[in-house]
Amino acid sequence: MNKHEGAVSQLVDLLGRLPGIGRKSAERLAFHLLRVPEDEALALSDAIRRIRSDVRYCSMCFNLCEQELCSICRDDSRDQSRLCIVEQPRDLMSLEQSKAYNGLYHVLLGRIAPLDGIGPDQLTIDALVDRVREGNFSEVIMATNPTVEGDGTALYISNQLSEYPVQMTRLARGITAGSVLEYANREMIADALSGRQKL
Ligand SMILES: [Zn+2]
């Protein structure tokens with residue numbers, strides 16, 4: 001329990017559950033929201049409401065979007081022959097921010113993690129195999145994170161795709177083993193992409 005009352009107490013509790021926000025920060029944020037103009041505070045609550053009601057997964061690549069297809073899948077100017085496989089939408093964002101890649105993506109929405117009970121069926125691998133079978137890709141780039149689970153996931157997928165005539169590559173180890181794409185800087189990602197190796 002915190003020492004505040006009613007709505008303030010509830011807001012402090014809820015903010016305090018967000019990742020990286022401790023009790024002190026939660027209090028600071030709650031009092032900040034009481035001080036700013038009302039429409040500024042309400043814009044935040046609207047944005048939270050909208051991400052839960054309007055944001056969905058792209059029906060093609062499983063990136064986050066607000067329409068049937070995301071802006072990347074709708075963009076004809078992108079290289080339609082390359083497909084980059086990432087674990088999460090935020091990994092896709094990191095690669096996009098590097099501006100080193102202009103192909104398409106497929107978001108797995110996780111990684112195979114037997115210890116957490118996450119198997120291939122819980123990811124978007126079936127949809128990926130369909131895309132590769134029906135598409136015209138010449139290269140599939142494994143950009144799962146350089147962790148034990150990310151490597152295992154890349155290996156599993158490369159086996160699933162082995163019967164199709166695509167070249168499979170893996171990001172170079174410019175990104176230190178164990179670190180995740182999300183935290184890599186632009187140059188590291190560009191290096192990892194340009195130095196990618198055949199699987
Ligand atoms: Zn998409």
# chains A, B, ... in the order shown; residues from 1 in each chain; ligands from 1
>>> residues_near_ligand(ligand="ligand 1", cutoff="9 Å", atoms="only C-alpha atoms and all ligand atoms", output="short mmCIF file (atom, residue, chain, number, x, y, z; two decimals) with N, CA and C atoms, in the first residue's frame")
data_model
loop_
_atom_site.label_atom_id
_atom_site.label_comp_id
_atom_site.auth_asym_id
_atom_site.auth_seq_id
_atom_site.Cartn_x
_atom_site.Cartn_y
_atom_site.Cartn_z
N TYR A 57 -1.87 -6.83 -35.20
CA TYR A 57 -0.72 -7.35 -35.93
C TYR A 57 -1.01 -7.37 -37.42
N CYS A 58 -0.02 -6.97 -38.21
CA CYS A 58 -0.12 -7.03 -39.67
C CYS A 58 -0.44 -8.46 -40.08
N SER A 59 -1.39 -8.64 -40.99
CA SER A 59 -1.80 -10.00 -41.34
C SER A 59 -0.73 -10.70 -42.18
N MET A 60 0.23 -9.94 -42.69
CA MET A 60 1.30 -10.54 -43.48
C MET A 60 2.55 -10.84 -42.63
N CYS A 61 3.05 -9.80 -41.94
CA CYS A 61 4.36 -9.95 -41.29
C CYS A 61 4.30 -9.93 -39.76
N PHE A 62 3.14 -9.62 -39.19
CA PHE A 62 2.94 -9.58 -37.73
C PHE A 62 3.64 -8.43 -37.03
N ASN A 63 4.01 -7.42 -37.83
CA ASN A 63 4.43 -6.15 -37.24
C ASN A 63 3.19 -5.49 -36.63
N LEU A 64 3.40 -4.52 -35.75
CA LEU A 64 2.25 -3.79 -35.21
C LEU A 64 1.74 -2.81 -36.26
N CYS A 65 0.43 -2.69 -36.38
CA CYS A 65 -0.13 -1.72 -37.31
C CYS A 65 -1.58 -1.43 -36.94
N GLU A 68 -5.03 -3.60 -42.02
CA GLU A 68 -4.82 -5.01 -42.35
C GLU A 68 -3.32 -5.30 -42.56
N LEU A 69 -2.67 -4.42 -43.35
CA LEU A 69 -1.24 -4.58 -43.61
C LEU A 69 -0.48 -3.39 -43.06
N CYS A 70 0.74 -3.63 -42.58
CA CYS A 70 1.55 -2.54 -42.04
C CYS A 70 2.14 -1.69 -43.18
N SER A 71 2.72 -0.56 -42.82
CA SER A 71 3.23 0.35 -43.85
C SER A 71 4.39 -0.28 -44.63
N ILE A 72 5.14 -1.18 -44.01
CA ILE A 72 6.27 -1.81 -44.71
C ILE A 72 5.75 -2.79 -45.76
N CYS A 73 4.78 -3.61 -45.37
CA CYS A 73 4.21 -4.56 -46.34
C CYS A 73 3.48 -3.85 -47.48
N ARG A 74 2.98 -2.64 -47.22
CA ARG A 74 2.25 -1.90 -48.26
C ARG A 74 3.19 -1.14 -49.19
N LEU A 104 11.74 -6.87 -46.69
CA LEU A 104 10.54 -7.12 -45.90
C LEU A 104 10.92 -7.85 -44.60
N TYR A 105 9.94 -7.98 -43.72
CA TYR A 105 10.18 -8.61 -42.42
C TYR A 105 9.17 -9.72 -42.14
N HIS A 106 9.54 -10.55 -41.19
CA HIS A 106 8.55 -11.45 -40.58
C HIS A 106 8.82 -11.46 -39.07
N VAL A 107 7.81 -11.11 -38.30
CA VAL A 107 7.96 -11.03 -36.84
C VAL A 107 7.43 -12.32 -36.22
#
>>> closest_atom_pairs(of="stretch 20-120 of chain A", to="stretch 150-155 of chain A", cutoff="10 Å", atoms="only C-alpha atoms", output="CSV")
residue,atom,partner,partner_atom,distance
A:Ile85,CA,A:Ala154,CA,8.7
A:Val86,CA,A:Gly150,CA,9.4
A:Glu87,CA,A:Gly150,CA,8.0
A:Leu108,CA,A:Thr153,CA,9.6
A:Gly110,CA,A:Gly150,CA,9.2
A:Arg111,CA,A:Thr153,CA,6.0
A:Ile112,CA,A:Thr153,CA,5.4
A:Ala113,CA,A:Thr153,CA,8.4
A:Gly119,CA,A:Thr153,CA,9.6
A:Pro120,CA,A:Thr153,CA,8.3
>>> select_by_dssp(residues="chain A", states="helix (DSSP H, G or I)", output="PyMOL selection string")
chain A and resi 6-16+23-35+38-53+89-98+114-116+120-122+125-134+148-160+181-183+186-194
>>> closest_residue(among="A:Gln67, A:Asn145, A:Gln10, A:Gln97", to="A:Arg186", atoms="only C-alpha atoms")
A:Gln97
>>> select_by_dssp(residues="stretch 54-190 of chain A", states="strand (DSSP E)", output="list in words")
Arg56, Tyr57, Leu64, Cys65, Asp79, Gln80, Ser81, Arg82, Leu83, Cys84, Ile85, Val86, Gly103, Leu104, Tyr105, His106, Val107, Glu139, Val140, Ile141, Met142, Gln167, Met168, Thr169 and Arg170 of chain A
>>> atom_distance(atom1="atom CA of A:Asp121", atom2="atom CA of A:Leu109")
11.3 Å
>>> residues_around(residues="stretch 134-144 of chain A", least_positions_apart="5", cutoff="6 Å", atoms="only C-alpha atoms", output="PyMOL selection string")
chain A and resi 81-87+150+166-171
>>> write_last_selection(atoms="C-alpha atoms", output="PDB file, in the first residue's frame")
ATOM      1  CA  SER A  81      13.279 -10.441 -52.571  1.00  0.00           C
ATOM      2  CA  ARG A  82      14.640 -10.217 -49.009  1.00  0.00           C
ATOM      3  CA  LEU A  83      12.893 -11.335 -45.860  1.00  0.00           C
ATOM      4  CA  CYS A  84      14.318 -10.564 -42.437  1.00  0.00           C
ATOM      5  CA  ILE A  85      13.112 -12.616 -39.476  1.00  0.00           C
ATOM      6  CA  VAL A  86      12.977 -10.934 -36.070  1.00  0.00           C
ATOM      7  CA  GLU A  87      11.624 -11.951 -32.690  1.00  0.00           C
ATOM      8  CA  GLY A 150      17.595 -16.895 -30.528  1.00  0.00           C
ATOM      9  CA  VAL A 166      16.301 -19.388 -50.706  1.00  0.00           C
ATOM     10  CA  GLN A 167      19.682 -18.428 -49.368  1.00  0.00           C
ATOM     11  CA  MET A 168      19.627 -18.310 -45.576  1.00  0.00           C
ATOM     12  CA  THR A 169      21.892 -15.922 -43.723  1.00  0.00           C
ATOM     13  CA  ARG A 170      22.429 -14.935 -40.100  1.00  0.00           C
ATOM     14  CA  LEU A 171      23.373 -11.495 -38.797  1.00  0.00           C
TER      15      LEU A 171
END
>>> closest_residue(among="A:Gly22, A:Pro146, A:Gly6, A:Gly16", to="A:Leu181", atoms="only C-alpha atoms")
A:Pro146
>>> closest_residue(among="A:Ser158, A:Arg50, A:Ala127, A:Tyr101", to="A:Ser194", atoms="only C-alpha atoms")
A:Tyr101
>>> closest_residue(among="A:Glu149, A:Glu66, A:Glu38, A:Asp75", to="A:Asp116", atoms="only C-alpha atoms")
A:Glu149
>>> residues_around(residues="A:Ala192", least_positions_apart="2", cutoff="8 Å", atoms="only C-alpha atoms", output="JSON, numbers by chain")
{"A": [171, 172, 173, 174, 175, 188, 189, 190, 194, 195, 196]}
